[in-house]
Every structure is written in C-alpha cells, then in structure tokens.
$ cat model-v5.pdb   # PDB, C-alpha atoms
ATOM      1  CA  MET A 695       0.000   0.000   0.000
ATOM      2  CA  LYS A 696       1.580   3.258  -1.169
ATOM      3  CA  HIS A 697       1.548   6.625   0.551
ATOM      4  CA  LYS A 698       1.546   9.996  -1.110
ATOM      5  CA  ASN A 699       5.145  11.126  -1.485
ATOM      6  CA  LEU A 700       6.483  13.786   0.856
ATOM      7  CA  THR A 701       7.482  17.128  -0.690
ATOM      8  CA  ILE A 702       9.902  19.517   1.010
ATOM      9  CA  GLY A 703      11.227  22.670  -0.584
ATOM     10  CA  GLY A 704       9.785  21.638  -3.936
ATOM     11  CA  ARG A 705      11.619  18.304  -3.874
ATOM     12  CA  GLU A 706       9.591  15.095  -3.862
ATOM     13  CA  LEU A 707      10.802  12.346  -1.554
ATOM     14  CA  ARG A 708       9.685   8.729  -1.734
ATOM     15  CA  SER A 709      10.758   7.942   1.819
ATOM     16  CA  ARG A 710       9.733   9.550   5.102
ATOM     17  CA  PHE A 711      12.840   8.116   6.797
ATOM     18  CA  PHE A 712      15.616  10.702   7.265
ATOM     19  CA  LEU A 713      18.791   8.862   8.208
ATOM     20  CA  GLY A 714      21.949   9.954   9.990
ATOM     21  CA  THR A 715      25.296   8.630   8.743
ATOM     22  CA  GLY A 716      27.375   8.670  11.914
ATOM     23  CA  ARG A 717      28.350   6.091  14.551
ATOM     24  CA  TYR A 718      28.038   2.926  12.436
ATOM     25  CA  PRO A 719      30.491   0.077  13.155
ATOM     26  CA  ASN A 720      31.893   0.175   9.605
ATOM     27  CA  PRO A 721      31.087   1.456   6.080
ATOM     28  CA  TYR A 722      29.591  -1.889   5.006
ATOM     29  CA  ILE A 723      26.955  -1.794   7.749
ATOM     30  CA  GLN A 724      26.301   1.870   7.005
ATOM     31  CA  ASN A 725      25.560   1.036   3.362
ATOM     32  CA  GLU A 726      23.375  -1.916   4.300
ATOM     33  CA  VAL A 727      21.386   0.273   6.674
ATOM     34  CA  ILE A 728      20.900   2.875   3.946
ATOM     35  CA  ARG A 729      19.795   0.180   1.498
ATOM     36  CA  VAL A 730      17.308  -1.432   3.889
ATOM     37  CA  SER A 731      15.934   1.888   5.133
ATOM     38  CA  GLU A 732      15.303   3.114   1.569
ATOM     39  CA  ALA A 733      15.988   6.624   2.873
ATOM     40  CA  ASP A 734      16.271   9.444   0.346
ATOM     41  CA  VAL A 735      17.675  12.026   2.772
ATOM     42  CA  LEU A 736      21.006  11.518   4.524
ATOM     43  CA  THR A 737      22.193  13.871   7.233
ATOM     44  CA  PHE A 738      25.626  14.465   8.752
ATOM     45  CA  ALA A 739      27.520  17.104  10.708
ATOM     46  CA  ILE A 740      29.337  19.535   8.441
ATOM     47  CA  ARG A 741      32.188  19.736  10.935
ATOM     48  CA  ARG A 742      32.950  16.054  10.194
ATOM     49  CA  VAL A 743      33.212  16.548   6.414
ATOM     50  CA  ASN A 744      36.262  17.638   4.442
ATOM     51  CA  LEU A 745      34.716  20.576   2.592
ATOM     52  CA  GLU A 746      37.757  20.967   0.349
ATOM     53  CA  ALA A 747      36.998  17.584  -1.208
ATOM     54  CA  PRO A 748      33.522  16.448  -0.101
ATOM     55  CA  GLY A 749      33.377  13.686  -2.722
ATOM     56  CA  GLU A 750      36.471  12.103  -1.219
ATOM     57  CA  ASP A 751      35.394  12.527   2.375
ATOM     58  CA  ALA A 752      35.454   9.442   4.582
ATOM     59  CA  ILE A 753      31.759   9.870   5.414
ATOM     60  CA  LEU A 754      30.512  10.234   1.848
ATOM     61  CA  GLN A 755      32.910   8.219  -0.285
ATOM     62  CA  HIS A 756      31.512   4.852   0.811
ATOM     63  CA  LEU A 757      27.957   5.584  -0.315
ATOM     64  CA  GLU A 758      26.664   3.521  -3.214
ATOM     65  CA  GLU A 759      27.201   5.435  -6.436
ATOM     66  CA  ASP A 760      24.084   4.111  -8.193
ATOM     67  CA  ARG A 761      21.741   5.936  -5.825
ATOM     68  CA  LYS A 762      20.953   9.618  -5.657
ATOM     69  CA  PHE A 763      20.457  11.117  -2.243
ATOM     70  CA  THR A 764      19.401  14.460  -0.882
ATOM     71  CA  TYR A 765      22.109  15.558   1.520
ATOM     72  CA  LEU A 766      20.999  17.385   4.651
ATOM     73  CA  PRO A 767      24.157  18.657   6.342
ATOM     74  CA  ASN A 768      23.651  19.980   9.853
ATOM     75  CA  THR A 769      25.301  22.695  11.897
ATOM     76  CA  SER A 770      25.925  20.504  14.938
ATOM     77  CA  GLY A 771      28.576  22.107  17.133
ATOM     78  CA  ALA A 772      27.324  25.646  16.572
ATOM     79  CA  SER A 773      26.532  27.519  19.768
ATOM     80  CA  ASN A 774      24.909  30.583  18.195
ATOM     81  CA  ALA A 775      23.264  31.795  14.997
ATOM     82  CA  ASP A 776      26.398  33.390  13.561
ATOM     83  CA  GLU A 777      28.318  30.123  13.799
ATOM     84  CA  ALA A 778      25.467  28.156  12.244
ATOM     85  CA  VAL A 779      25.143  30.583   9.338
ATOM     86  CA  ARG A 780      28.898  30.489   8.692
ATOM     87  CA  ILE A 781      28.917  26.677   8.688
ATOM     88  CA  ALA A 782      25.936  26.554   6.311
ATOM     89  CA  ARG A 783      27.596  28.980   3.885
ATOM     90  CA  LEU A 784      30.741  26.851   3.813
ATOM     91  CA  ALA A 785      28.722  23.735   3.008
ATOM     92  CA  LYS A 786      26.881  25.466   0.182
ATOM     93  CA  ALA A 787      30.065  26.981  -1.250
ATOM     94  CA  SER A 788      31.656  23.524  -1.363
ATOM     95  CA  GLY A 789      28.810  22.296  -3.569
ATOM     96  CA  LEU A 790      27.640  19.882  -0.897
ATOM     97  CA  SER A 791      24.021  21.036  -0.584
ATOM     98  CA  ASP A 792      21.748  24.049  -0.313
ATOM     99  CA  TRP A 793      19.641  22.127   2.209
ATOM    100  CA  ILE A 794      20.628  22.752   5.796
ATOM    101  CA  LYS A 795      19.519  21.451   9.164
ATOM    102  CA  VAL A 796      19.989  24.263  11.660
ATOM    103  CA  GLU A 797      21.174  22.742  14.914
ATOM    104  CA  ILE A 798      22.307  25.101  17.670
ATOM    105  CA  SER A 799      22.896  23.872  21.210
ATOM    106  CA  ALA A 800      23.891  26.154  24.046
ATOM    107  CA  ASN A 801      24.274  23.401  26.649
ATOM    108  CA  GLU A 802      26.660  20.497  26.032
ATOM    109  CA  LYS A 803      25.007  18.347  28.697
ATOM    110  CA  THR A 804      21.441  18.401  27.363
ATOM    111  CA  LEU A 805      22.124  19.421  23.744
ATOM    112  CA  LEU A 806      18.717  21.066  23.756
ATOM    113  CA  PRO A 807      18.258  23.548  20.899
ATOM    114  CA  ASP A 808      18.622  27.254  21.621
ATOM    115  CA  PRO A 809      15.243  28.678  20.508
ATOM    116  CA  LEU A 810      16.256  32.306  19.952
ATOM    117  CA  GLU A 811      19.459  31.527  18.057
ATOM    118  CA  THR A 812      17.707  28.832  15.993
ATOM    119  CA  LEU A 813      15.021  31.275  14.885
ATOM    120  CA  LYS A 814      17.611  33.934  14.096
ATOM    121  CA  ALA A 815      19.708  31.559  11.972
ATOM    122  CA  THR A 816      16.624  30.268  10.164
ATOM    123  CA  GLU A 817      15.547  33.791   9.203
ATOM    124  CA  THR A 818      19.010  34.606   7.844
ATOM    125  CA  LEU A 819      19.498  31.400   5.867
ATOM    126  CA  VAL A 820      16.015  31.503   4.334
ATOM    127  CA  LYS A 821      16.757  35.001   3.028
ATOM    128  CA  GLU A 822      19.955  33.629   1.481
ATOM    129  CA  GLY A 823      18.057  30.966  -0.439
ATOM    130  CA  PHE A 824      18.744  27.881   1.668
ATOM    131  CA  THR A 825      16.173  25.144   2.150
ATOM    132  CA  VAL A 826      16.129  25.291   5.942
ATOM    133  CA  LEU A 827      15.000  22.487   8.253
ATOM    134  CA  PRO A 828      15.544  23.690  11.825
ATOM    135  CA  TYR A 829      15.891  21.259  14.718
ATOM    136  CA  THR A 830      13.965  22.648  17.649
ATOM    137  CA  SER A 831      12.182  21.794  20.883
ATOM    138  CA  ASP A 832       8.585  20.569  20.991
ATOM    139  CA  ASP A 833       7.234  24.070  21.644
ATOM    140  CA  PRO A 834       4.176  24.648  19.416
ATOM    141  CA  VAL A 835       4.642  28.432  19.420
ATOM    142  CA  LEU A 836       8.295  28.248  18.439
ATOM    143  CA  CYS A 837       7.582  25.701  15.711
ATOM    144  CA  LYS A 838       5.007  28.080  14.223
ATOM    145  CA  ARG A 839       7.454  30.972  14.378
ATOM    146  CA  LEU A 840      10.041  28.898  12.485
ATOM    147  CA  GLU A 841       7.441  28.058   9.844
ATOM    148  CA  GLU A 842       6.550  31.756   9.516
ATOM    149  CA  ALA A 843      10.261  32.528   9.138
ATOM    150  CA  GLY A 844      10.300  30.381   6.005
ATOM    151  CA  ALA A 845      11.460  26.965   7.203
ATOM    152  CA  ALA A 846      10.741  24.315   4.545
ATOM    153  CA  ALA A 847      10.025  21.821   7.335
ATOM    154  CA  VAL A 848      10.258  21.961  11.114
ATOM    155  CA  MET A 849      11.990  19.249  13.144
ATOM    156  CA  PRO A 850      10.900  19.111  16.789
ATOM    157  CA  GLY A 851      12.643  16.648  19.077
ATOM    158  CA  GLY A 852      10.723  13.916  20.831
ATOM    159  CA  SER A 853      13.269  14.080  23.684
ATOM    160  CA  PRO A 854      16.951  15.069  23.995
ATOM    161  CA  ILE A 855      19.378  13.828  21.339
ATOM    162  CA  GLY A 856      20.572  10.260  21.777
ATOM    163  CA  THR A 857      18.567   9.544  24.933
ATOM    164  CA  GLY A 858      16.157   7.008  23.424
ATOM    165  CA  LEU A 859      13.453   8.284  25.779
ATOM    166  CA  GLY A 860      10.882   8.461  23.007
ATOM    167  CA  ILE A 861       8.198  11.127  22.748
ATOM    168  CA  LEU A 862       7.946  12.775  26.138
ATOM    169  CA  ASN A 863       5.146  15.181  25.225
ATOM    170  CA  PRO A 864       2.749  13.686  22.656
ATOM    171  CA  TYR A 865       0.220  16.425  23.403
ATOM    172  CA  ASN A 866       2.602  19.141  22.228
ATOM    173  CA  LEU A 867       3.608  17.176  19.153
ATOM    174  CA  GLY A 868      -0.050  16.750  18.255
ATOM    175  CA  LEU A 869      -0.576  20.514  18.551
ATOM    176  CA  ILE A 870       2.458  21.198  16.373
ATOM    177  CA  VAL A 871       1.202  18.875  13.637
ATOM    178  CA  GLU A 872      -2.341  20.244  13.832
ATOM    179  CA  ASP A 873      -1.210  23.837  13.329
ATOM    180  CA  ALA A 874       1.544  23.244  10.771
ATOM    181  CA  GLU A 875       1.394  24.141   7.101
ATOM    182  CA  VAL A 876       4.837  22.674   6.398
ATOM    183  CA  PRO A 877       6.037  19.102   7.006
ATOM    184  CA  ILE A 878       6.868  18.128  10.581
ATOM    185  CA  ILE A 879       9.807  15.726  10.951
ATOM    186  CA  VAL A 880      10.334  14.318  14.441
ATOM    187  CA  ASP A 881      14.039  14.498  15.195
ATOM    188  CA  ALA A 882      15.931  13.260  18.253
ATOM    189  CA  GLY A 883      15.206  11.027  21.215
ATOM    190  CA  LEU A 884      13.467   8.135  19.477
ATOM    191  CA  GLY A 885      14.650   4.698  20.521
ATOM    192  CA  SER A 886      12.475   1.979  19.054
ATOM    193  CA  ALA A 887       9.893   1.132  16.434
ATOM    194  CA  MET A 888       7.205   1.827  19.044
ATOM    195  CA  ASP A 889       8.395   5.450  19.340
ATOM    196  CA  VAL A 890       8.439   5.842  15.575
ATOM    197  CA  THR A 891       4.932   4.453  15.162
ATOM    198  CA  GLN A 892       3.660   6.836  17.831
ATOM    199  CA  ALA A 893       5.258   9.813  16.089
ATOM    200  CA  MET A 894       3.677   8.875  12.763
ATOM    201  CA  GLU A 895       0.277   8.154  14.317
ATOM    202  CA  LEU A 896       0.349  11.634  15.836
ATOM    203  CA  GLY A 897       0.577  12.966  12.287
ATOM    204  CA  ALA A 898       4.289  13.585  11.809
ATOM    205  CA  ASP A 899       5.323  13.613   8.158
ATOM    206  CA  GLY A 900       8.552  11.744   8.828
ATOM    207  CA  VAL A 901      11.266  10.963  11.350
ATOM    208  CA  LEU A 902      15.006  11.536  11.486
ATOM    209  CA  MET A 903      17.142   8.942  13.264
ATOM    210  CA  ASN A 904      20.779   8.048  13.709
ATOM    211  CA  THR A 905      21.713   6.689  17.138
ATOM    212  CA  PRO A 906      18.754   4.268  17.574
ATOM    213  CA  VAL A 907      19.754   2.572  14.329
ATOM    214  CA  ALA A 908      23.536   2.900  14.347
ATOM    215  CA  LYS A 909      23.965   1.785  17.969
ATOM    216  CA  ALA A 910      21.401  -1.028  17.906
ATOM    217  CA  LYS A 911      22.754  -4.548  18.408
ATOM    218  CA  ASP A 912      21.859  -5.219  14.773
ATOM    219  CA  PRO A 913      21.682  -1.872  12.911
ATOM    220  CA  VAL A 914      20.474  -3.426   9.654
ATOM    221  CA  LYS A 915      17.537  -5.204  11.292
ATOM    222  CA  MET A 916      16.709  -2.070  13.232
ATOM    223  CA  ALA A 917      16.687  -0.030  10.022
ATOM    224  CA  GLY A 918      14.145  -2.465   8.602
ATOM    225  CA  ALA A 919      12.041  -2.272  11.747
ATOM    226  CA  MET A 920      12.065   1.524  11.697
ATOM    227  CA  LYS A 921      11.078   1.615   8.034
ATOM    228  CA  MET A 922       8.103  -0.663   8.677
ATOM    229  CA  ALA A 923       7.131   1.373  11.742
ATOM    230  CA  ILE A 924       7.072   4.547   9.645
ATOM    231  CA  ASP A 925       4.851   2.864   7.067
ATOM    232  CA  ALA A 926       2.533   1.330   9.684
ATOM    233  CA  GLY A 927       2.227   4.542  11.677
ATOM    234  CA  ARG A 928       1.486   6.601   8.589
ATOM    235  CA  LEU A 929      -1.172   4.141   7.414
ATOM    236  CA  SER A 930      -2.762   4.169  10.859
ATOM    237  CA  TYR A 931      -2.825   7.978  10.886
ATOM    238  CA  GLU A 932      -4.361   8.139   7.416
ATOM    239  CA  ALA A 933      -6.915   5.434   8.294
ATOM    240  CA  GLY A 934      -8.098   7.310  11.393
ATOM    241  CA  ARG A 935      -8.163   5.556  14.748
ATOM    242  CA  ILE A 936     -11.355   4.932  16.712
ATOM    243  CA  PRO A 937     -12.098   7.449  19.476
ATOM    244  CA  LYS A 938     -11.112   6.573  23.023
ATOM    245  CA  LYS A 939     -14.048   5.927  25.339
ATOM    246  CA  LYS A 940     -14.443   5.340  29.036
ATOM    247  CA  TYR A 941     -16.645   2.239  28.766
ATOM    248  CA  ALA A 942     -16.789  -0.871  26.620
ATOM    249  CA  THR A 943     -18.748  -1.291  23.392
ATOM    250  CA  ALA A 944     -19.727  -4.791  22.290
ATOM    251  CA  SER A 945     -18.137  -5.665  18.957
ATOM    252  CA  SER A 946     -21.135  -7.882  18.179
ATOM    253  CA  GLY A 947     -23.326  -4.829  18.022
ATOM    254  CA  LEU A 948     -25.706  -6.026  20.778
ATOM    255  CA  PRO A 949     -27.200  -3.052  22.636
ATOM    256  CA  SER A 950     -26.830  -4.799  25.983
ATOM    257  CA  PHE A 951     -26.138  -8.122  27.628
ATOM    258  CA  VAL A 952     -29.213 -10.358  27.901
ATOM    259  CA  SER A 953     -29.781 -12.623  30.921
ATOM    260  CA  TYR A 954     -31.421 -16.009  30.464
TER     261      TYR A 954
END

$ encode --input "model-v5.pdb" --output "structure tokens"
Amino acid sequence: MKHKNLTIGGRELRSRFFLGTGRYPNPYIQNEVIRVSEADVLTFAIRRVNLEAPGEDAILQHLEEDRKFTYLPNTSGASNADEAVRIARLAKASGLSDWIKVEISANEKTLLPDPLETLKATETLVKEGFTVLPYTSDDPVLCKRLEEAGAAAVMPGGSPIGTGLGILNPYNLGLIVEDAEVPIIVDAGLGSAMDVTQAMELGADGVLMNTPVAKAKDPVKMAGAMKMAIDAGRLSYEAGRIPKKKYATASSGLPSFVSY
C-alpha cells in the first residue's frame, strides 16, 4: 500500500525516513542500513566533512554510487546563529548542498536547541536561499514561528538527542502537527519502532534517526524495523483511529447483555 510522497522545498521524496550517517560500526553496515531503510535524505555534521573535497570525504565516499540522495548537512557544534550561518555557507560553497539542518545547542550536557538563536539563523538562511530544516524543541509556538520565518520543514525533538526516551510530550507534538502548514519531521530522542509508530500516528510527516539505528545490536535489522514502523504509523494515521471511550462497546453490536 503506497503513501503519497512527501514534498519539502519543492523536492519530492519517496521515503519519510531521514537517516543519519554517523556512529556505524563500519562502512559496510552503514551502506546496508541505507539500502534497507530506503531513505532518500542523509544527514551528517558539516564539521565532520572535508569541505575541500567532499566527494572524497570518509563519510561520503563509501555511499553507493548508483543511488541519488538528498544531503541534509547539519550545523551541529554551533553555539549561536552566527556560527550556524557560517557553517551553512561553507557547506553550500563547497557544492555539498543548499539544504541545511539548523542545529544550535547552548548546553553540552542536554544538547537542547537554543530557541532564539535557531530562529535567528533560520531567518538569515532563508533570506539567502537555503532550504532550511531547523531542529527545535517541541514548543508549538516556536515551531510556528520557524514556519513563519520560512522553514521548509520543522523538526521538533521527541526528547533530547541520543537519549532514546521516546516522545515525552505527545500532546505538544499533536498541537504542532495540527497547526503546521509545512512538514513536521520528528528528530531526536526516538529509541524503538514503538516510538516511531507513535510519532507517525500523531501525524508527523517523517522521522530523522541516527543513534537508535547505528547503535542497535543489529543496525540493519533495526533499520528495517524503523522503516516498517514509519509505514505502519502513517497508514494508521491516514486510516483514522477509533475514538477513546471510558466504557466498553460490544463488537457484536448487541445493545446490551441479555440474561437467560
């Protein structure tokens, strides 16, 4: 059963699985994960790429040449808007991509996104013609402000990066999806297929993952599980779940139990 393709920044994507390229045991497993996931969008930290020769970089050179990917470099490591903008400009100048994931963390312990600096960087990069996908907290107001600033998609975290805690505030995520007029990609904190299915059932347009796949005991199997969870969750969302009720309803359709 096929879903309608996801479109971001005028680019049509077949997959709703955004995949990180770091932390895999070796390049072979990385490629197998990419193959099984069927992801179209690959993300990586710009600071880890040799911008003088991106095609020869250790991160990118092992990717299968017969597939075309959309690269989503991120500004991980930036602590303010100016740093993020500078990093994004370097990536674009190298020919790597004009897509950029704005990621600005002011606290190394929590790695939570800095809301003010994220909004500031998004406004600047949109004006410069970037396709901007900002990583942010699950604040419905902030997500709307990023959309109004011109973000092509907004990427709220389910919980802090790499924690595997899942979606801590499904209510907020539901509000974000309900009010959004751009795609919502849940980014950060997911740990299992259950978390992914929940995100998709809440109406998210996709998910971005790295650690829960790369650090799984079997990354390739986990990539397959996550892909199926995305598909199942999206189908469930499109199908429309039954409403929750306080009391039981007989599936047989009998109005009441009859005593004999």

$ resolve_selection --input "model-v5.pdb" --expression "the PyMOL selection byres ((chain A and resi 884-888) around 8)" --output "PyMOL selection string"
chain A and resi 852-853+856-861+881-883+889-892+903+906+919-920+923

$ write_last_selection --input "model-v5.pdb" --atoms "C-alpha atoms" --output "tab-separated table (two decimals), in the coordinates of the input"
chain	number	residue	atom	x	y	z
A	852	GLY	CA	10.72	13.92	20.83
A	853	SER	CA	13.27	14.08	23.68
A	856	GLY	CA	20.57	10.26	21.78
A	857	THR	CA	18.57	9.54	24.93
A	858	GLY	CA	16.16	7.01	23.42
A	859	LEU	CA	13.45	8.28	25.78
A	860	GLY	CA	10.88	8.46	23.01
A	861	ILE	CA	8.20	11.13	22.75
A	881	ASP	CA	14.04	14.50	15.20
A	882	ALA	CA	15.93	13.26	18.25
A	883	GLY	CA	15.21	11.03	21.22
A	889	ASP	CA	8.40	5.45	19.34
A	890	VAL	CA	8.44	5.84	15.58
A	891	THR	CA	4.93	4.45	15.16
A	892	GLN	CA	3.66	6.84	17.83
A	903	MET	CA	17.14	8.94	13.26
A	906	PRO	CA	18.75	4.27	17.57
A	919	ALA	CA	12.04	-2.27	11.75
A	920	MET	CA	12.06	1.52	11.70
A	923	ALA	CA	7.13	1.37	11.74

$ atom_distance --input "model-v5.pdb" --atom1 "atom CA of A:Ala772" --atom2 "atom CA of A:Glu841"
21.1 Å

$ residues_around --input "model-v5.pdb" --residues "A:Gly703" --least-positions-apart "2" --cutoff "9 Å" --atoms "all atoms listed in the file" --output "PyMOL selection string"
chain A and resi 701+705-706+793+825-826+845-847

$ resolve_selection --input "model-v5.pdb" --expression "the PyMOL selection byres ((chain A and resi 851) around 10)" --output "list in words"
Leu806, Pro807, Tyr829, Thr830, Ser831, Asp832, Asp833, Val848, Met849, Pro850, Gly852, Ser853, Pro854, Ile855, Gly860, Ile861, Leu862, Asn863, Leu867, Ile879, Val880, Asp881, Ala882, Gly883, Leu884, Val901 and Leu902 of chain A

$ residues_around --input "model-v5.pdb" --residues "A:Ile723" --least-positions-apart "5" --cutoff "9 Å" --atoms "all atoms listed in the file" --output "compact mmCIF listing (two decimals) with C-alpha atoms, in the coordinates of the input"
# COMPACT_ATOMS: atom_id res chain seq x y z
CA TYR A 718 28.04 2.93 12.44
CA ILE A 728 20.90 2.88 3.95
CA ALA A 908 23.54 2.90 14.35
CA PRO A 913 21.68 -1.87 12.91
CA VAL A 914 20.47 -3.43 9.65

$ atom_distance --input "model-v5.pdb" --atom1 "atom CA of A:Leu713" --atom2 "atom CA of A:Leu736"
5.1 Å

$ resolve_selection --input "model-v5.pdb" --expression "the PyMOL selection byres ((chain A and resi 925-939) around 12)" --output "ChimeraX atom specification"
/A:695-700,708-711,731-732,868,871,887-901,918-924,940-943

$ residues_around --input "model-v5.pdb" --residues "A:Lys795" --least-positions-apart "3" --cutoff "7 Å" --atoms "all atoms listed in the file" --output "count of residues only"
8

$ closest_residue --input "model-v5.pdb" --among "A:Arg717, A:Lys838, A:Lys786, A:Lys762" --to "A:Ala733" --atoms "all atoms listed in the file"
A:Lys762

$ atom_distance --input "model-v5.pdb" --atom1 "atom CA of A:Asp792" --atom2 "atom CA of A:Lys909"
28.9 Å

$ closest_residue --input "model-v5.pdb" --among "A:Ala910, A:Asn904, A:Ile878, A:Lys814" --to "A:Pro834" --atoms "only C-alpha atoms"
A:Ile878

$ closest_residue --input "model-v5.pdb" --among "A:Glu811, A:Val727, A:Glu802, A:Phe824" --to "A:Ala787" --atoms "all atoms listed in the file"
A:Phe824
